[in-house]
Amino acid sequence: MPELRVVDFGRVSALRSQTLWHALAYGVSAGGPPTLSFMRPSRPYVGLGYHRRLEEADIAACREAGLPVFRRMVGGGVVYLDEHQQFFQICLPAASVSRNRQRALRELLSPAVAAFRAAGVPAELDDHLEIVVGEAKICGHGAAQIDDAVVVVGNLIERFDHAAAARVLALPDEVRSEVVRLMERFVAATPVDSATFRTAAIAAYGEALGLQPVSGWLSASERERLLELDGRFRSPAWLRGPGRPAPQCGEVKVRAGVHVVWTEQEGRRALATVVGGHIERMQVSDPGLDGALTAALAKVRLPG
Amino acid sequence: MAEITEVAGFGVALDRAYDPAGHFWVSMVAPGRARIGMDALGVETSGTIAQLAFLAVGEHLERGEAFGSLEAAKFVGPLTSPLSGRVTATNDAVVVDPALVERDPYSAGWLVEMDIADAGELGGLVSGAQPIRVWFEAEVEDYRLKGVLAE
């Protein structure tokens, strides 16, 4: 049976919690074996999805809190990451992964769901491809094709600081409050034993992929690549990312199907909370309006 | 607007060439200048497109290298160029509104234009109404057999 290389890096620096698995992806692309890896950052930091504008992160707040910011090559938004999260990554040759991205994600996240369940978490993969318990997302995931490899990443969140996660987003205070409220409802930690989760993930990915798990480590070429990635991820140009136009209105995705959108014009702000395609809550604020009217409008609920 | 013909359940514009490796179409808009976009099968397998980014105008690339990237369902992937050349224009409209690629992949949802470096590479593309039909039907059948497309 072909091998599934399993690499557990343990606790690593914030930078290496990103660059290590990117190095593995380049290694798999160059002919290395399919690889399942694990690591945990030693300190909090902020991760930025590949296409996201740097301006979406509150860089001043990150600097004040001593949080480094790194742009990753997988998708998703601005995320707060810390030592209470066990990261995992599955990386395969692109040719062995479905060309249908949704199908690929479903196939490569399903073993993680099995691992959560083996660790005692009643997890499910919902129609939005989020790993959930009830309506709450319990795993932040992303994916990318890096050269000729596909990598899917996720995390076991043992503890989650919703306020800290919202604080690193560049948002007006009013929007941030709403994001925190939604995060508390739609993002949940699952404080289970991470060793149990890792063991179950190794078994689940091995079985799903028809591969024999074997402990391994970085190859020489992957170590060389790691050094290059360390430099790349620290460079201002990489952090700046691909140029993006500023959006016409602000938007924060809390989980798939749950968004806060807002727009501002001449001091007026309209903010809507969208859940499952319906406006669940809407707030309008205008310094020119009577305070009582603004408060009344803020309580308006539209039918879901 | 391009004239769209249904082939194996998908809309296909038969007035241009297709890269059999990547489901991108190529249409010559001036001598030596090609416009590139994604075909309906590429759109179908990408899912709902959330983000697009392109190389800067003026960048050179070889056939098979990425002229940009696409993100759908938090999955980032390369947009692989069917030709070698120099990027001369990118479609800002699809960067602002990526769903335009899904709504109108053969016209308003084009991706980039480039001055091609090697006209000989055009010979590797599928062109002509009947060869396109045959190739596209075979691709759809292959995708269905592999479970890439929903039944």
# chains A, B, ... in the order shown; residues from 1 in each chain; ligands from 1
>>> select_by_dssp(residues="chain B", states="strand (DSSP E or B)", output="PyMOL selection string")
chain B and resi 4-7+10-13+17-19+24-30+33-38+49-54+60-61+66-72+75-80+85-90+112-116+126
>>> interface_residues(of="chain B", to="chain A", cutoff="9 Å", atoms="only C-alpha atoms", output="MDAnalysis selection string")
chainID B and resid 44:47 51:55 69:78 92 95:96 143 146:149
>>> write_last_selection(atoms="C-alpha atoms", output="compact mmCIF listing (two decimals), in the first residue's frame")
# COMPACT_ATOMS: atom_id res chain seq x y z
CA GLU B 44 -18.95 24.58 -13.35
CA THR B 45 -16.08 22.82 -11.60
CA SER B 46 -14.79 25.97 -9.91
CA GLY B 47 -17.96 26.56 -7.92
CA GLN B 51 -12.04 36.22 -5.72
CA LEU B 52 -9.94 36.68 -8.85
CA ALA B 53 -6.49 38.20 -9.19
CA PHE B 54 -4.32 38.64 -12.26
CA LEU B 55 -0.71 39.31 -13.10
CA SER B 69 -5.57 32.99 -9.39
CA LEU B 70 -9.13 32.13 -8.50
CA GLU B 71 -10.73 31.48 -5.13
CA ALA B 72 -13.96 29.57 -4.61
CA ALA B 73 -15.12 28.06 -1.32
CA LYS B 74 -11.83 29.18 0.26
CA PHE B 75 -9.97 27.06 -2.33
CA VAL B 76 -7.29 29.05 -4.18
CA GLY B 77 -6.05 27.77 -7.51
CA PRO B 78 -4.01 28.99 -10.46
CA ASP B 92 -11.23 44.80 -13.86
CA VAL B 95 -12.15 41.42 -10.18
CA VAL B 96 -14.87 43.65 -8.73
CA TYR B 143 -15.91 14.37 -16.08
CA LYS B 146 -14.91 10.46 -12.91
CA GLY B 147 -17.65 11.95 -10.76
CA VAL B 148 -16.36 15.48 -11.30
CA LEU B 149 -19.82 16.61 -12.39
>>> residues_around(residues="A:Val261", least_positions_apart="4", cutoff="9 Å", atoms="only C-alpha atoms", output="ChimeraX atom specification")
/A:175,249-253,270-274
>>> write_last_selection(atoms="C-alpha atoms", output="PDB file, in the first residue's frame")
ATOM      1  CA  VAL A 175     -19.688  46.559  13.284  1.00  0.00           C
ATOM      2  CA  CYS A 249     -19.413  48.050   0.958  1.00  0.00           C
ATOM      3  CA  GLY A 250     -17.800  46.374   3.946  1.00  0.00           C
ATOM      4  CA  GLU A 251     -18.355  42.694   4.601  1.00  0.00           C
ATOM      5  CA  VAL A 252     -17.225  40.210   7.227  1.00  0.00           C
ATOM      6  CA  LYS A 253     -17.969  36.531   6.790  1.00  0.00           C
ATOM      7  CA  ALA A 270     -26.395  50.998   7.468  1.00  0.00           C
ATOM      8  CA  LEU A 271     -25.444  47.594   8.819  1.00  0.00           C
ATOM      9  CA  ALA A 272     -27.158  44.306   8.039  1.00  0.00           C
ATOM     10  CA  THR A 273     -26.704  40.875   9.561  1.00  0.00           C
ATOM     11  CA  VAL A 274     -27.362  38.203   6.941  1.00  0.00           C
TER      12      VAL A 274
END
>>> closest_residue(among="B:Ile116, B:Val140, B:Val57, B:Ala129", to="B:Pro82", atoms="only C-alpha atoms")
B:Ile116
>>> atom_distance(atom1="atom CA of A:Glu264", atom2="atom CA of A:Gly288")
13.8 Å
>>> residues_around(residues="B:Gln130", least_positions_apart="3", cutoff="12 Å", atoms="only C-alpha atoms", output="JSON, numbers by chain")
{"B": [5, 7, 12, 13, 14, 15, 16, 17, 126, 127, 133, 134, 135, 136, 137]}
>>> write_last_selection(atoms="C-alpha atoms", output="compact mmCIF listing (two decimals), in the first residue's frame")
# COMPACT_ATOMS: atom_id res chain seq x y z
CA THR B 5 -24.40 26.61 -28.64
CA VAL B 7 -23.01 20.96 -26.15
CA VAL B 12 -20.13 26.68 -25.66
CA ALA B 13 -19.01 29.45 -28.02
CA LEU B 14 -17.85 27.79 -31.22
CA ASP B 15 -16.21 30.89 -32.70
CA ARG B 16 -12.92 30.57 -30.79
CA ALA B 17 -10.27 28.07 -29.72
CA VAL B 126 -8.97 22.93 -30.29
CA SER B 127 -10.70 25.07 -32.90
CA ARG B 133 -18.15 19.83 -30.17
CA VAL B 134 -16.39 16.46 -30.23
CA TRP B 135 -13.75 17.51 -27.71
CA PHE B 136 -16.21 19.17 -25.35
CA GLU B 137 -18.64 16.22 -25.40
>>> select_by_dssp(residues="stretch 68-116 of chain A", states="helix (DSSP H, G or I)", output="ChimeraX atom specification")
/A:94-96,101-116
>>> write_last_selection(atoms="N, CA, C and O atoms", output="tab-separated table (two decimals), in the first residue's frame")
chain	number	residue	atom	x	y	z
A	94	ALA	N	-1.89	17.06	-7.10
A	94	ALA	CA	-3.12	17.62	-7.67
A	94	ALA	C	-3.82	16.62	-8.58
A	94	ALA	O	-5.06	16.59	-8.65
A	95	ALA	N	-3.05	15.79	-9.27
A	95	ALA	CA	-3.65	14.85	-10.21
A	95	ALA	C	-4.51	13.81	-9.51
A	95	ALA	O	-5.35	13.16	-10.14
A	96	SER	N	-4.33	13.63	-8.20
A	96	SER	CA	-5.11	12.63	-7.48
A	96	SER	C	-6.36	13.22	-6.82
A	96	SER	O	-7.09	12.52	-6.13
A	101	ARG	N	-13.85	21.48	-7.30
A	101	ARG	CA	-13.32	21.97	-6.03
A	101	ARG	C	-14.21	21.63	-4.85
A	101	ARG	O	-13.73	21.32	-3.77
A	102	GLN	N	-15.51	21.74	-5.05
A	102	GLN	CA	-16.42	21.43	-3.94
A	102	GLN	C	-16.31	19.96	-3.56
A	102	GLN	O	-16.30	19.61	-2.38
A	103	ARG	N	-16.23	19.12	-4.57
A	103	ARG	CA	-16.10	17.68	-4.31
A	103	ARG	C	-14.76	17.38	-3.63
A	103	ARG	O	-14.68	16.58	-2.71
A	104	ALA	N	-13.71	18.05	-4.11
A	104	ALA	CA	-12.39	17.84	-3.51
A	104	ALA	C	-12.41	18.23	-2.04
A	104	ALA	O	-11.88	17.50	-1.18
A	105	LEU	N	-13.03	19.37	-1.75
A	105	LEU	CA	-13.09	19.80	-0.34
A	105	LEU	C	-13.89	18.81	0.50
A	105	LEU	O	-13.49	18.46	1.61
A	106	ARG	N	-15.00	18.36	-0.04
A	106	ARG	CA	-15.83	17.40	0.71
A	106	ARG	C	-15.03	16.13	1.01
A	106	ARG	O	-15.04	15.61	2.12
A	107	GLU	N	-14.31	15.65	-0.02
A	107	GLU	CA	-13.55	14.40	0.16
A	107	GLU	C	-12.40	14.59	1.16
A	107	GLU	O	-12.07	13.68	1.91
A	108	LEU	N	-11.79	15.76	1.15
A	108	LEU	CA	-10.61	15.96	2.00
A	108	LEU	C	-10.95	16.52	3.37
A	108	LEU	O	-10.08	16.56	4.24
A	109	LEU	N	-12.16	16.97	3.57
A	109	LEU	CA	-12.58	17.39	4.93
A	109	LEU	C	-13.31	16.27	5.67
A	109	LEU	O	-13.36	16.27	6.90
A	110	SER	N	-13.88	15.33	4.94
A	110	SER	CA	-14.64	14.25	5.59
A	110	SER	C	-13.81	13.45	6.60
A	110	SER	O	-14.30	13.14	7.69
A	111	PRO	N	-12.55	13.12	6.29
A	111	PRO	CA	-11.75	12.42	7.32
A	111	PRO	C	-11.54	13.27	8.58
A	111	PRO	O	-11.47	12.71	9.68
A	112	ALA	N	-11.46	14.57	8.42
A	112	ALA	CA	-11.33	15.44	9.60
A	112	ALA	C	-12.60	15.36	10.44
A	112	ALA	O	-12.52	15.34	11.68
A	113	VAL	N	-13.73	15.31	9.78
A	113	VAL	CA	-14.99	15.17	10.51
A	113	VAL	C	-14.98	13.85	11.30
A	113	VAL	O	-15.37	13.81	12.48
A	114	ALA	N	-14.50	12.79	10.66
A	114	ALA	CA	-14.41	11.50	11.36
A	114	ALA	C	-13.50	11.60	12.57
A	114	ALA	O	-13.78	11.01	13.63
A	115	ALA	N	-12.42	12.37	12.45
A	115	ALA	CA	-11.49	12.54	13.57
A	115	ALA	C	-12.15	13.31	14.71
A	115	ALA	O	-11.98	12.97	15.89
A	116	PHE	N	-12.89	14.36	14.37
A	116	PHE	CA	-13.62	15.08	15.42
A	116	PHE	C	-14.58	14.14	16.14
A	116	PHE	O	-14.67	14.14	17.37
>>> residues_around(residues="B:Gly120", least_positions_apart="4", cutoff="12 Å", atoms="only C-alpha atoms", output="list in words")
Gly32, Arg63, Pro82, Leu83, Ser84, Ile116, Gly124 and Leu125 of chain B
>>> atom_distance(atom1="atom CA of B:Leu79", atom2="atom CA of B:Gly42")
10.3 Å
>>> atom_distance(atom1="atom CA of A:Arg181", atom2="atom CA of A:Glu56")
19.1 Å
